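All remarks here apply to the structure that follows.
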Amino acid sequence: MKTIDDFVLLIQHEIGLPVTAEHIGEGLDSVPGWDSLHLLTLLTALERETGRSVSMPDVLEATTLRDIYDLVAVTET
Amino acid sequence: MCPTNGTTSTEPASVEAQDVFELYRRGRVAAEYPRLRRLLAGLGDDELRRAGQLLSRVDPDEVLRTHPETSVVSVTVTGHSTVSGLVAPLTAELARHGLLLRPRVGDFDSYVFDLSDLGSELYASGSDLVVCLLDADVVFDEVPVPWEPADVERVLADKLRLLAGIATTFTSAGKGTLVLNTLPLPRERAAELTGHRSRARLGAIWREANARLLRLVEDHPSVVVLDLEPLVGDGDGVPLRDARLAAYTKTRFSPGLTARYAREVAHLARGLSGRSKKCLVLDLDETVWGGILGDDGIDGIEVAGSYRGEAFGAFQRTARQLASQGVVLAAVSKNDIEPVLQVLREHPDMTLREDDFVRVIANWAPKHENLRALAEDLNLGIDSFVFADDSPYECGLVRHELPEVTVLHLDGDPALHAGRLLADGWFDVLDITADDRLRPGRYRDELVRKDFLDSFTSLDDYLRELDVRVELAPAAPGDLGRVSQITLRTNQFNLTTERLQQSEVERLADSAEAEVLTIRSSDRFGEHGIVGVVFVRGEGQVWHIDNFLLSCRVFSRGIEQACLSAVLEHAREQGAREVLGRYRPSPKNGKVKDFYPRNGFTAHTPDSADSAGTLAFRHDLADIAGPPAHLRLTGAIGVFGPLGTVTTEGNRQ
């Protein structure tokens with residue numbers, strides 16, 4: 001997973017949410033169909049994709065999808 | 001970059017997984033719901049998990065708008081911790097069986113309140129299944145720190161009392177099935193005790209409590225307790241917990257265990273709605289024994305005495321064990337019949353013998369044709385078949401030609417065969433009755449009967465020679481389990497397809513207004529036991545036949561006409577003015593659509609509106625056709641009187 005587009009696709013495939021790049025910076029509350037349980041699904045998928053562990057407390061405290069992407073992107077650099 | 005087909009970079013997605021994702025992406029899941037069953041059958045565990053995430057986002061009502069015939073299972077999920085994670089996998093597991101989940105998730109840790117109060121929303125919802133997830137923290141949340149085994153023992157005793165009370169309350173509500181589970185003991189809890197002796201004591205206390213939990217089912221017919229211990233850490237290595245999920249989200253079961261749990265619940269739902277598989281069809285070469293009989297000869301095949309031979313022997317024992325509980329076993333093999341029969345009769349090391357199979361088919365015809373003919377001969381729906389074969393070609397062909405058949409591809413290593421066969425509870429039912437154990441023998445007799453039939457020029461001659469005897473009588477207490485089972489398993493000759501759990505049958509049998517009549521039959525080849533049920537209800541001078549069911553083993557012998565005639569005669573004798581019956585269409589019961597009109601009933605418009613498609617019929621009792629001449633009707637139908645005034649002078653034969 002290298003780009004924000006990969007990240008968007010991952011969300012589409014794993015959670016089935018119709019998110020687009022535009023939703024990335026919005027608050028999670030305004031992402032269509034978002035539910036806090038999706039964070040966990042996403043976290044598991046991100047760990048599988050990147051082969052690294054991602055801090056669950058940090059993911060749980062994220063307020064936008066961009067926050068989560070940044071957590072992973074930082075881990076990857 | 002992820003490809004756009006639903007896969008991830010770590011594993012290639014199957015064609016089926018890509019199709020599921022495409023359906024979802026194009027918003028076509030509801031419109032093409034019937035296709036899902038076949039697609040999901042081809043998915044691996046991870047793919048199924050992902051599919052569940054997608055499918056759980058589809059509104060069940062949208063599916064029903066396009067496919068109103070879809071069978072819905074309503075499930076309330078409740079429990080001690082965060083339980084909503086069960087919804088997605090349960091959606092996928094039920095869709096795998098062609099069932100549609102209507103989920104309802106209870107509030108966090110609300111199970112005690114919801115289940116103890118008959119006025120709660122949980123009871124008002126009338127769910128088919130209430131799944132109450134229990135985990136070790138039910139106990140440890142109330143154990144002080146520091147703690148000793150005695151603290152655990154005390155809390156467990158409280159919880160057992162609470163759960164027994166819940167089971168009683170739920171049973172008294174008389175609707176649906178409550179699913180509880182044993183509490184697996186997390187290793188970390190045992191490890192918090194450093195003394196081996198106190199650790200052993202904890203283990204003993206814990207397992208005694210789980211045993212008591214499991215025993216709740218003995219007194220509570222509406223309760224099922226799933227034993228999670230065999231699911232945790234078995235050959236597939238499903239972990240009990242995910243420490244982070246537990247700590248941060250209060251989800252106490254790992255995603256892997258949640259998926260296994262969902263699978264168990266889906267098979268339970270399948271069994272409760274009468275969709276358990278009934279027939280296991282095995283290939284022979286490289287499935288039941290090692291080697292190719294045609295090449296290696298009877299002395300060359302492997303069933304014992306070698307590494308592979310022992311593994312095939314173990315698989316045979318598994319198949320035999322299933323057959324002993326009513327699974328109808330058949331063999332379909334590309335072989336000549338003579339050497340196959342020789343192996344089954346004479347090979348010294350075989351576990352499975354000719355008598356274990358209701359039919360052994362060895363020929364060179366395509367297997368799907370053999371399966372279709374077998375289903376017809378046994379009068380079983382092809383969708384009640386499980387077919388196991390080592391050949392990917394044969395598996396693919398059967399999957400393609402007969403998508404309703406569950407196909408198990410057994411791969412090259414026979415040590416894995418039994419695990420593959422048992423990975424899913426295809427044959428799970430709520431309870432095994434004595435009748436189940438006799439079923440394979442009955443089907444075998446039935447095939448002999450068919451051969452007997454072929455020797456007659458007319459059906460009438462055959463029926464006269466068959467010497468059919470029928471007994472119609474009120475159900476005795478010992479019959480009620482079997483009666484419930486008939487309502488659950490019978491799909492074809494089932495006028496209304498109303499499924500009744502045993503507790504519901506008991507209530508009817510005890511009712512003053514209703515009577516549950518069992519139909520027993522026998523003929524020159526032997527006893528069939530209870531083969532059908534008539535549910536009758538009196539309402540003043542109007543009698544209702546609420547349902548009429550007959551096992552597919554005994555269709556077309558006049559048994560149904562004889563019993564209907566007896567019920568009508570009896571109603572007239574007891575002063576009834578008319579008898580009303582209903583036919584409610586299902587995907588499987590089309591053959592009895594005309595049952596009432598063919599037997600003297602006329603179409604009737606009921607006072608109260610019934611569900612869509614239901615046909616109502618009325619018999620004015622003026623002219624009642626007698627029972628067919630070729631059979632003898634005996635029994636004690638006269639024991640129940642009008643308007644529910646049951647008399648007791650009946651003499652059961």
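Lettering and numbering for the structure tokens are positional, with chains as A, B, ... in the shown order, residues counted from 1 in each chain, and ligands counted from 1 in the shown order.
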With a cut-off of 12 Å, could you pull out the residues of chain B touching chain A and give me the nearest pair of atoms for each, distance in Å to one decimal, using only C-alpha atoms, ordered by chain and ascending number, as a Markdown table?
| residue | atom | partner | partner_atom | distance |
| --- | --- | --- | --- | --- |
| B:Met1 | CA | A:Asp6 | CA | 5.4 |
| B:Cys2 | CA | A:Asp6 | CA | 5.9 |
| B:Pro3 | CA | A:Leu9 | CA | 8.6 |
| B:Thr4 | CA | A:Leu9 | CA | 7.6 |
| B:Asn5 | CA | A:His13 | CA | 8.5 |
| B:Gly6 | CA | A:His13 | CA | 5.3 |
| B:Thr7 | CA | A:His13 | CA | 7.4 |
| B:Thr8 | CA | A:Leu10 | CA | 7.5 |
| B:Ser9 | CA | A:Glu49 | CA | 7.0 |
| B:Thr10 | CA | A:Glu49 | CA | 6.6 |
| B:Glu11 | CA | A:Glu49 | CA | 10.0 |
| B:Ala13 | CA | A:His13 | CA | 11.4 |
| B:Ala17 | CA | A:His13 | CA | 10.6 |
| B:Gln18 | CA | A:His13 | CA | 10.1 |
| B:Val20 | CA | A:His13 | CA | 10.5 |
| B:Phe21 | CA | A:His13 | CA | 7.2 |
| B:Glu22 | CA | A:His13 | CA | 10.0 |
| B:Leu23 | CA | A:Gly16 | CA | 11.1 |
| B:Tyr24 | CA | A:Gly16 | CA | 7.6 |
| B:Arg25 | CA | A:Gly16 | CA | 7.9 |
| B:Arg26 | CA | A:Pro18 | CA | 10.7 |
| B:Gly27 | CA | A:Pro18 | CA | 10.5 |
| B:Val29 | CA | A:Gly16 | CA | 11.9 |
| B:Asp46 | CA | A:Glu14 | CA | 10.6 |
| B:Glu47 | CA | A:Glu14 | CA | 9.7 |
| B:Leu48 | CA | A:Glu14 | CA | 11.0 |
| B:Arg49 | CA | A:Glu14 | CA | 9.0 |
| B:Arg50 | CA | A:Glu14 | CA | 5.7 |
| B:Ala51 | CA | A:Glu14 | CA | 8.2 |
| B:Gly52 | CA | A:Ile15 | CA | 9.0 |
| B:Gln53 | CA | A:Ile15 | CA | 5.4 |
| B:Leu54 | CA | A:Gly16 | CA | 4.7 |
| B:Leu55 | CA | A:Gly16 | CA | 8.2 |
| B:Ser56 | CA | A:Gly16 | CA | 9.1 |
| B:Arg57 | CA | A:Gly16 | CA | 7.4 |
| B:Val58 | CA | A:Gly16 | CA | 9.8 |
| B:Thr82 | CA | A:Leu37 | CA | 9.7 |
| B:Val83 | CA | A:Leu37 | CA | 10.5 |
| B:Ser84 | CA | A:Leu37 | CA | 8.1 |
| B:Gly85 | CA | A:Leu37 | CA | 7.6 |
| B:Leu86 | CA | A:Leu37 | CA | 11.2 |
| B:Val87 | CA | A:Leu37 | CA | 11.2 |
| B:Ala88 | CA | A:Ile15 | CA | 10.1 |
| B:Asp242 | CA | A:Thr44 | CA | 11.1 |
| B:Ala243 | CA | A:Met56 | CA | 10.9 |
| B:Arg244 | CA | A:Met56 | CA | 7.2 |
| B:Leu245 | CA | A:Leu40 | CA | 7.9 |
| B:Ala246 | CA | A:Met56 | CA | 11.3 |
| B:Ala247 | CA | A:Pro57 | CA | 9.8 |
| B:Tyr248 | CA | A:Pro57 | CA | 7.1 |
| B:Thr249 | CA | A:Leu37 | CA | 8.5 |
| B:Lys250 | CA | A:Leu37 | CA | 11.2 |
| B:Thr251 | CA | A:Leu37 | CA | 10.0 |
| B:Ser254 | CA | A:Leu40 | CA | 11.5 |
| B:Pro255 | CA | A:Thr41 | CA | 9.4 |
**Asked** From the set B:Thr168, B:Thr78, B:Ser333, B:Gln501, which residue has the shortest atom-to-atom contact distance to His368 in chain B, counting only C-alpha atoms?
**Response** B:Ser333
**Request:** Do a neighbour search on range 133-144 of chain B at 9 Å with only C-alpha atoms, toss out local chain neighbours closer than 5 positions, and write the hits as a list of chain:residue names.
**Result:**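 Here the qualifying residues turn out to be B:Val77, B:Thr78, B:Gly79, B:His80, B:Ser81, B:Val83, B:Tyr111, B:Asp151, B:Val152, B:Arg154, B:Val155, B:Leu156, B:Lys159, B:Val179, B:Leu180, B:Asn181, B:Thr182, B:Leu183, B:Pro184, B:Leu185, B:Pro186, B:Arg189, B:Arg252, B:Phe253.
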**Asked** Hey, what's within 7 Å of range 497-500 of chain B if we count only C-alpha atoms and toss same-chain stuff fewer than 4 positions away? As a list in words, please?
**Response**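 Counting only C-alpha atoms, the residues come to Ser273, Ser484, Thr487, Leu488, Asn491, Glu504 and Val505 of chain B.
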**Message:** Using DSSP secondary structure from the backbone, list all alpha helix (DSSP H) positions within range 61-241 of chain B, as JSON, numbers by chain.
**Reply:** {"B": [61, 62, 63, 64, 65, 66, 87, 88, 89, 90, 91, 92, 93, 94, 95, 96, 111, 112, 113, 114, 115, 116, 121, 122, 123, 124, 125, 137, 138, 139, 140, 149, 150, 151, 152, 153, 154, 155, 156, 157, 158, 159, 160, 161, 162, 163, 164, 165, 166, 167, 168, 169, 170, 171, 172, 173, 187, 188, 189, 190, 191, 196, 197, 198, 199, 200, 201, 202, 203, 204, 205, 206, 207, 208, 209, 210, 211, 212, 213, 214, 215, 216, 217, 218, 219]}
**Item:** Using only C-alpha atoms: which of B:Ala191, B:Leu43, B:Tyr33, B:Leu213 has the shortest distance to Arg161 in chain B
**Value:**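 Closest to Arg161 in chain B, using only C-alpha atoms: B:Leu213.
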**Message:** Could you tell me how far CA of Ala576 in chain B sits from CA of Gly540 in chain B, in Å to one decimal place?
**Reply:**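 CA of Ala576 in chain B lies 7.6 Å from CA of Gly540 in chain B.
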**Request:** Taking the DSSP assignment computed from this structure's backbone, write out as a PyMOL selection string all residues of range 42-158 of chain B that belong to strand (DSSP E or B).
**Result:** chain B and resi 71-79+99-105+129-133
**Request:** Just the residues within 10 Å of Asp29 in chain A, please, counting only C-alpha atoms, with nothing from its chain fewer than 6 positions along; format it as a list in words.
**Result:**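 So, after excluding close chain neighbours, the residues are Asp35, Ser36, Thr63 and Thr64 of chain A.
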**Message:** Report, in Å to a single decimal, how far apart CA of Ala259 in chain B and CA of Asp58 in chain A are.
**Reply:**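 The value is 26.0 Å.
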**Message:** Using only C-alpha atoms, which protein or nucleic acid residues come within 8 Å of Leu421 in chain B? Drop anything in the same chain fewer than 4 positions from it, and give the result as a list of chain:residue names.
**Reply:** B:Ala388, B:Leu408, B:His417
